[in-house]
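Shown next, in structure tokens, is the structure this report addresses.
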Amino acid sequence: AVINPGDGTFWLVGGLGGGGGSFQIYNTNSNSWSTKSMPSGFGGSLTAVYAAGTIYFCGGITGGSTITKCGTYRIADGYSTSFTNMPVGVNHAAYTTDGSKFYILGGRGGDNVPSAGYNTVQVYTFGGGWTTSSSN
């Protein structure tokens, strides 16, 4: 989930089953829920952060497989686009932002079953590109 600090809404990004392919939005002011469609090809267990009015999201599980695909959704006008695929497709990863970079830590590959995780940190610089690091 990401929060839009401009209006206090929480955006649940993607999902598996019935929640796939949509943003589920909770409005803290009105105590109500709404939905918006996501760009096609995204499912659940993905990573997502909010920065400068835009939600950035990557990876996750679609059609039973982990993907490397990444996208954005600009909240003000609903404009969405893709950006460079992540180097290593992951699901169930930890993620955060410092406002200038999108950090994706660990995660796992394969389908939606427990498995050994990765020791990889993937960093996307907004408007730039990817770097990765890992240790054994």
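Labeling convention for the structure tokens: chains A, B, ... as they appear, residues from 1 per chain, ligands from 1 in order of appearance.
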- [ ] Determine, counting only C-alpha atoms, which protein, DNA and RNA residues have an atom within 9 Å of an atom of stretch 19-24 of chain A; residues of the same chain fewer than 2 positions away are not included. Present the result as a list in words.
- [x]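 Residues meeting the cut-off are Phe10, Trp11, Leu12, Val13, Gly14, Gly15, Leu16, Gly17, Tyr26, Trp33, Ser34, Thr35, Lys36, Ser37, Met38, Pro39, Ser40, Gly41, Phe42, Gly43, Gly44 and Thr62 of chain A.
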Open item on the list: Quick check for you: according to DSSP on this backbone, which residues of stretch 17-80 of chain A are classed as strand (DSSP E or B)? Reply as a PyMOL selection string.
Closed with: chain A and resi 22-27+32-37+44+47-51+54-58+61-62+65-66+70-74+80
Give me the residues of stretch 5-60 of chain A that have any atom at most 8 Å from an atom of stretch 70-90 of chain A; for each, the nearest atom pair and the distance in Å, rounded to one decimal. Use only C-alpha atoms, sort by chain and number, and format it as CSV.
residue,atom,partner,partner_atom,distance
A:Met38,CA,A:Tyr73,CA,7.9
A:Pro39,CA,A:Ser80,CA,6.8
A:Leu46,CA,A:Val90,CA,7.7
A:Gly53,CA,A:Ile75,CA,6.0
A:Thr54,CA,A:Arg74,CA,4.3
A:Ile55,CA,A:Tyr73,CA,5.1
A:Tyr56,CA,A:Thr72,CA,4.5
A:Phe57,CA,A:Gly71,CA,5.4
A:Cys58,CA,A:Cys70,CA,4.1
A:Gly59,CA,A:Gly89,CA,5.5
A:Gly60,CA,A:Val90,CA,6.0
Please produce an output containing N, CA and C atoms for each residue in the selection, written as a compact mmCIF listing (two decimals), in the first residue's frame.
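Done, and the output landed in result.txt:
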# COMPACT_ATOMS: atom_id res chain seq x y z
N MET A 38 -5.75 -0.58 -13.13
CA MET A 38 -4.30 -0.48 -13.31
C MET A 38 -3.96 -0.74 -14.77
N PRO A 39 -2.76 -0.37 -15.19
CA PRO A 39 -2.32 -0.80 -16.51
C PRO A 39 -2.35 -2.33 -16.59
N LEU A 46 3.32 -7.39 -5.66
CA LEU A 46 4.30 -6.52 -6.30
C LEU A 46 4.83 -5.48 -5.33
N GLY A 53 3.64 12.62 -6.61
CA GLY A 53 2.35 12.49 -7.26
C GLY A 53 2.17 11.27 -8.14
N THR A 54 3.16 10.39 -8.16
CA THR A 54 3.13 9.21 -9.02
C THR A 54 3.36 7.94 -8.20
N ILE A 55 2.62 6.89 -8.54
CA ILE A 55 2.86 5.57 -7.96
C ILE A 55 3.74 4.79 -8.94
N TYR A 56 4.83 4.25 -8.44
CA TYR A 56 5.74 3.41 -9.21
C TYR A 56 5.56 1.98 -8.71
N PHE A 57 5.44 1.01 -9.63
CA PHE A 57 5.25 -0.38 -9.20
C PHE A 57 6.01 -1.32 -10.12
N CYS A 58 6.48 -2.44 -9.55
CA CYS A 58 7.30 -3.40 -10.30
C CYS A 58 7.08 -4.82 -9.80
N GLY A 59 7.32 -5.76 -10.71
CA GLY A 59 7.36 -7.17 -10.36
C GLY A 59 6.03 -7.73 -9.92
N GLY A 60 6.11 -8.71 -9.05
CA GLY A 60 4.92 -9.38 -8.56
C GLY A 60 4.60 -10.62 -9.35
Open item on the list: Please compute the atom CA of A:Arg108-atom CA of A:Thr66 distance, one decimal, in Å.
Closed with: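 So the two atoms, atom CA of A:Arg108 and atom CA of A:Thr66, lie 8.5 Å apart.
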Task: Top pick for closest residue to A:Gly109, considering A:Gly64, A:Thr132, A:Thr97, A:Thr125 and counting only C-alpha atoms - done: A:Gly64
